[in-house]
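Printed here is input_17.tsv (TSV, C-alpha atoms and all ligand atoms):
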```tsv
chain	number	residue	atom	x	y	z
A	1	MET	CA	182.27	-56.19	57.78
A	2	THR	CA	185.97	-56.30	56.87
A	3	TYR	CA	188.22	-53.40	55.90
A	4	SER	CA	191.35	-53.38	53.71
A	5	TYR	CA	191.94	-49.65	54.14
A	6	CYS	CA	191.58	-47.40	57.15
A	7	PRO	CA	188.10	-45.79	57.18
A	8	GLU	CA	189.61	-42.81	59.04
A	9	CYS	CA	192.61	-41.95	56.81
A	10	GLY	CA	192.74	-44.40	53.87
A	11	THR	CA	196.05	-46.09	54.77
A	12	GLU	CA	196.29	-49.83	54.03
A	13	LEU	CA	195.62	-51.75	57.24
A	14	GLN	CA	198.08	-54.17	58.83
A	15	THR	CA	197.46	-57.02	61.23
A	16	ILE	CA	198.50	-56.34	64.80
A	17	ILE	CA	198.02	-58.18	68.08
A	18	ARG	CA	195.86	-56.22	70.45
A	19	GLU	CA	194.26	-57.55	73.65
A	20	GLY	CA	195.36	-61.05	72.74
A	21	ARG	CA	193.91	-61.22	69.22
A	22	GLU	CA	194.99	-60.47	65.67
A	23	ARG	CA	193.18	-57.37	64.43
A	24	PRO	CA	193.39	-55.16	61.35
A	25	ALA	CA	194.84	-51.80	62.44
A	26	CYS	CA	196.05	-48.58	60.84
A	27	PRO	CA	199.86	-48.15	60.83
A	28	ALA	CA	199.71	-44.38	60.16
A	29	GLU	CA	201.55	-42.47	62.86
A	30	ASP	CA	198.78	-40.05	63.83
A	31	CYS	CA	195.89	-42.52	63.45
A	32	GLU	CA	194.72	-44.99	66.05
A	33	PHE	CA	192.09	-46.95	64.11
A	34	VAL	CA	191.78	-50.62	65.10
A	35	HIS	CA	189.00	-52.78	63.63
A	36	PHE	CA	187.67	-54.57	66.71
A	37	ASP	CA	184.72	-56.17	64.84
A	38	ASN	CA	182.51	-56.29	67.94
A	39	PRO	CA	179.17	-58.12	67.69
A	40	THR	CA	176.13	-56.11	66.62
A	41	PRO	CA	173.15	-56.09	69.02
A	42	VAL	CA	169.90	-57.50	67.63
A	43	VAL	CA	166.52	-57.56	69.40
A	44	ALA	CA	164.17	-60.51	68.88
A	45	ALA	CA	160.76	-61.40	70.31
A	46	ILE	CA	158.79	-64.52	71.00
A	47	VAL	CA	155.44	-62.89	70.20
A	48	GLU	CA	152.55	-64.72	71.82
A	49	ARG	CA	148.87	-64.45	70.99
A	50	ASP	CA	146.21	-66.79	72.43
A	51	ASP	CA	148.61	-69.66	73.24
A	52	ARG	CA	150.23	-69.38	69.86
A	53	VAL	CA	153.60	-68.01	68.79
A	54	ILE	CA	153.87	-65.72	65.78
A	55	LEU	CA	156.75	-66.66	63.47
A	56	ILE	CA	157.80	-64.59	60.48
A	57	GLN	CA	159.51	-65.27	57.17
A	58	ASN	CA	161.73	-62.55	55.75
A	59	GLU	CA	161.82	-61.76	52.02
A	60	GLY	CA	164.29	-64.07	50.31
A	61	TRP	CA	164.24	-66.86	52.89
A	62	PRO	CA	163.50	-70.44	51.77
A	63	ASP	CA	159.77	-71.35	51.88
A	64	ASP	CA	160.08	-73.49	55.00
A	65	TRP	CA	162.12	-71.03	57.09
A	66	TYR	CA	160.41	-69.08	59.84
A	67	GLY	CA	161.91	-67.14	62.71
A	68	LEU	CA	161.21	-64.67	65.48
A	69	VAL	CA	160.36	-61.05	64.84
A	70	SER	CA	163.78	-59.39	65.04
A	71	GLY	CA	165.90	-56.48	63.90
A	72	PHE	CA	168.78	-54.13	64.53
A	73	LEU	CA	168.57	-51.34	67.06
A	74	GLU	CA	168.57	-47.79	65.73
A	75	SER	CA	170.99	-45.32	67.30
A	76	GLY	CA	169.56	-43.68	70.41
A	77	GLU	CA	166.97	-46.39	70.94
A	78	THR	CA	166.60	-48.50	74.08
A	79	PRO	CA	166.37	-52.27	73.46
A	80	GLU	CA	162.73	-52.16	74.63
A	81	ASP	CA	161.83	-49.32	72.24
A	82	GLY	CA	163.64	-51.05	69.37
A	83	MET	CA	161.79	-54.27	70.06
A	84	LEU	CA	158.38	-52.58	70.08
A	85	ARG	CA	159.25	-50.74	66.85
A	86	GLU	CA	160.31	-53.97	65.11
A	87	ILE	CA	157.09	-55.73	66.15
A	88	GLU	CA	155.04	-52.80	64.83
A	89	GLU	CA	156.99	-52.77	61.53
A	90	GLU	CA	156.96	-56.51	60.94
A	91	ILE	CA	153.45	-57.53	62.05
A	92	HIS	CA	151.69	-54.15	62.49
A	93	LEU	CA	150.76	-54.57	66.14
A	94	GLU	CA	151.36	-52.75	69.37
A	95	ALA	CA	152.86	-55.36	71.69
A	96	GLU	CA	153.39	-55.51	75.42
A	97	LEU	CA	156.79	-56.78	76.48
A	98	GLN	CA	156.41	-59.43	79.19
A	99	SER	CA	159.97	-60.32	80.11
A	100	LEU	CA	163.55	-60.59	78.94
A	101	VAL	CA	164.11	-64.24	77.96
A	102	GLY	CA	167.88	-63.81	77.80
A	103	VAL	CA	170.93	-62.56	75.96
A	104	TYR	CA	172.62	-64.94	73.51
A	105	ALA	CA	175.68	-64.98	71.26
A	106	PHE	CA	174.99	-65.70	67.58
A	107	GLU	CA	178.60	-66.27	66.62
A	108	GLN	CA	178.09	-67.14	62.95
A	109	MET	CA	176.51	-63.72	62.35
A	110	ASN	CA	178.71	-61.83	64.86
A	111	GLN	CA	175.54	-60.68	66.64
A	112	LEU	CA	174.42	-60.38	70.24
A	113	LEU	CA	170.74	-61.38	70.52
A	114	VAL	CA	168.54	-59.71	73.13
A	115	VAL	CA	165.41	-61.88	73.24
A	116	TYR	CA	162.08	-60.83	74.76
A	117	HIS	CA	158.73	-62.47	75.37
A	118	ALA	CA	155.97	-60.18	74.08
A	119	ARG	CA	152.20	-60.39	73.88
A	120	VAL	CA	149.74	-59.08	71.31
A	121	ASP	CA	145.94	-59.33	71.36
A	122	ALA	CA	144.98	-58.65	67.74
A	123	GLU	CA	145.44	-60.29	64.36
A	124	PRO	CA	148.96	-59.77	62.94
A	125	THR	CA	149.43	-58.72	59.30
A	126	VAL	CA	152.53	-59.11	57.11
A	127	GLY	CA	154.84	-56.07	57.10
A	128	ASP	CA	156.71	-54.66	54.10
A	129	GLU	CA	159.96	-56.56	54.67
A	130	LEU	CA	158.28	-59.90	55.27
A	131	ALA	CA	157.23	-62.66	52.88
A	132	ASP	CA	154.87	-64.42	55.29
A	133	LEU	CA	153.89	-65.04	58.89
A	134	ILE	CA	152.34	-68.00	60.69
A	135	GLU	CA	150.82	-68.56	64.11
A	136	VAL	CA	151.86	-71.86	65.65
A	137	PRO	CA	150.28	-73.35	68.80
A	138	ILE	CA	152.85	-73.27	71.60
A	139	ASP	CA	152.63	-77.07	71.94
A	140	GLU	CA	153.67	-77.52	68.31
A	141	VAL	CA	156.52	-75.02	68.01
A	142	GLU	CA	159.80	-76.69	67.08
A	143	PRO	CA	162.78	-74.48	67.84
A	144	TRP	CA	165.72	-74.42	65.42
A	145	ALA	CA	169.32	-75.05	66.44
A	146	TYR	CA	170.95	-71.68	65.69
A	147	GLY	CA	170.37	-67.96	66.15
A	148	THR	CA	167.23	-67.26	68.18
A	149	GLY	CA	166.31	-71.00	68.34
A	150	PRO	CA	168.04	-71.72	71.67
A	151	ALA	CA	166.20	-68.79	73.32
A	152	LEU	CA	162.88	-70.14	72.05
A	153	ALA	CA	163.79	-73.64	73.29
A	154	GLU	CA	164.52	-72.33	76.79
A	155	TRP	CA	161.31	-70.34	76.89
A	156	LEU	CA	159.28	-73.37	75.71
A	157	ALA	CA	160.92	-75.63	78.27
A	158	GLU	CA	159.77	-73.29	81.02
A	159	ARG	CA	156.28	-72.99	79.57
A	160	ARG	CA	155.52	-76.67	78.99
A	201	ZN	ZN	194.16	-44.55	59.67
```
Will you turn the file into structure tokens for me?
Amino acid sequence: MTYSYCPECGTELQTIIREGRERPACPAEDCEFVHFDNPTPVVAAIVERDDRVILIQNEGWPDDWYGLVSGFLESGETPEDGMLREIEEEIHLEAELQSLVGVYAFEQMNQLLVVYHARVDAEPTVGDELADLIEVPIDEVEPWAYGTGPALAEWLAERR
């Protein structure tokens, strides 16, 4: 998200140096808006069922792209609650969170990824915002290089 005008008062923003970085800021005398552009938290889960990992494909992704169940937190939600809600929305299952795999920077998307290991014990079905889902045996999962891939790679390395 970038701004040209102050979202508080409508004045055209100028670049200032603040805490060692160039940032768009409002020059109006009685306005203190600075666009810090902090990363957005995203929750993601390695969802396991019977020694397989459930990978999803969002609407609009290329046919050979699959990723972890993931989504943005809603305001007022804990990361755990947000994660369980996303799993329910995307694959229609009540999951049990097993552990926090880790917290990762996804710099290209300006996101902070909070990645969990979760378990389900029933058949997943494709949620409204998804194009497809697959279940891949843990031994055959090939993690990708970006985004949630490094979290999956670390989790697999510990598992195998
Ligand atoms: Zn302003």
*Please, which residues have at least one atom within 6 Å of an atom of ligand ZN 201 (chain A), using all atoms listed in the file, listed as a list in words?*
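The distance check yields Cys6, Glu8, Cys9, Gly10, Thr11, Cys26, Ala28, Cys31 and Phe33 of chain A.
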*To one decimal in Å, tell me the separation between CA of Val47 (chain A) and CA of Gln108 (chain A).*
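Distance reported for this atom pair: 24.2 Å.
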*What does the distance from CA of Pro27 (chain A) to CA of Thr2 (chain A) come to in Å, to one decimal?*
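Spanning CA of Pro27 (chain A) to CA of Thr2 (chain A) is a straight-line distance of 16.6 Å.
Closest approach to Val34 (chain A) among A:Ser4, A:Tyr116, A:Asp63, A:Glu48: A:Ser4, based on only C-alpha atoms.
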*Name the residues in contact with Asn58 (chain A) at a cut-off of 7 Å, using all atoms listed in the file, excluding same-chain residues fewer than 4 positions from it; report them as a list in words.*
Glu129, Leu130 and Ala131 of chain A
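CA of Leu156 (chain A) sits 15.4 Å away from CA of Ala44 (chain A).
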*A:Arg18, A:Arg52, A:Arg85, A:Arg159: which is nearest Phe36 (chain A), counting only C-alpha atoms?*
A:Arg18
*Taking into account all atoms listed in the file, which residue in the set A:Leu133, A:Pro7, A:Val115, A:Met109 is nearest to Tyr146 (chain A)?*
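Of A:Leu133, A:Pro7, A:Val115, A:Met109, the one nearest Tyr146 (chain A) is A:Met109, counting all atoms listed in the file.
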*asked:* Residues within 9 Å of Tyr3 (chain A), please, as JSON, numbers by chain. Count all atoms listed in the file; anything in the same chain fewer than 5 positions from it doesn't count.
replied: {"A": [13, 24, 35]}
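Closest approach to Val43 (chain A) among A:Asp64, A:Glu86, A:Asp30, A:Asp132 is made by A:Glu86 (distances from all atoms listed in the file).
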Could you pull the residues within 7 Å of Gln111 (chain A), counting all atoms listed in the file, minus those fewer than 5 positions along the same chain, as an mmCIF file with C-alpha atoms, in the frame of the given file?
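Produced file part.cif, reproduced below:
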```cif
data_model
loop_
_atom_site.group_PDB
_atom_site.id
_atom_site.type_symbol
_atom_site.label_atom_id
_atom_site.label_comp_id
_atom_site.auth_asym_id
_atom_site.auth_seq_id
_atom_site.Cartn_x
_atom_site.Cartn_y
_atom_site.Cartn_z
ATOM 1 C CA PRO A 39 179.170 -58.120 67.690
ATOM 2 C CA THR A 40 176.130 -56.110 66.620
ATOM 3 C CA PRO A 41 173.150 -56.090 69.020
ATOM 4 C CA VAL A 42 169.900 -57.500 67.630
ATOM 5 C CA ALA A 105 175.680 -64.980 71.260
ATOM 6 C CA PHE A 106 174.990 -65.700 67.580
#
```
Leaving out Glu96 (chain A) and any residue of its chain fewer than 3 positions from it, which residues lie within 9 Å of it when counting only C-alpha atoms, given as a CSV table (one decimal) with C-alpha atoms, keeping the file's coordinate frame?
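Okay, part-v4.csv is ready:
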```csv
chain,number,residue,atom,x,y,z
A,84,LEU,CA,158.4,-52.6,70.1
A,117,HIS,CA,158.7,-62.5,75.4
A,118,ALA,CA,156.0,-60.2,74.1
A,119,ARG,CA,152.2,-60.4,73.9
A,120,VAL,CA,149.7,-59.1,71.3
```
Enumerate, in order of chain and increasing residue number, the residues of region 38-117 of chain A with an atom no farther than 8 Å from region 151-154 of chain A, each with its shortest atom pair and distance in Å to one decimal, counting all atoms listed in the file, as a tab-separated table.
```
residue	atom	partner	partner_atom	distance
A:Ile46	CA	A:Leu152	CA	7.0
A:Val101	CA	A:Ala151	CA	6.8
A:Gly102	CA	A:Ala151	CA	6.9
A:Tyr104	CA	A:Ala151	CA	7.5
A:Val115	CA	A:Ala151	CA	7.0
```
*Please return, as a ChimeraX atom specification, all polymer residues that have at least one atom within 10 Å of the point (146.9, -62.4, 67.3); use all atoms listed in the file and the file's own coordinate frame.*
/A:47-54,91,93,119-125,135
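Minimum distance to Gln57 (chain A) across A:Ile16, A:Leu112, A:Thr148, A:Gly127 (counting all atoms listed in the file) occurs at A:Gly127.
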_Selected residue of minimal separation from Leu97 (chain A) among A:Glu74, A:Trp65, A:Glu142, A:Ala45, counting only C-alpha atoms_ =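 Closest candidate: A:Ala45.
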Could you give me the axis-aligned bounding box of region 59-77 of chain A, with 8 Å of padding per side, as centre plus edge lengths in Å to one decimal, as JSON?
```
{"center_x": 165.4, "center_y": -58.6, "center_z": 60.6, "size_x": 27.2, "size_y": 45.8, "size_z": 36.6}
```
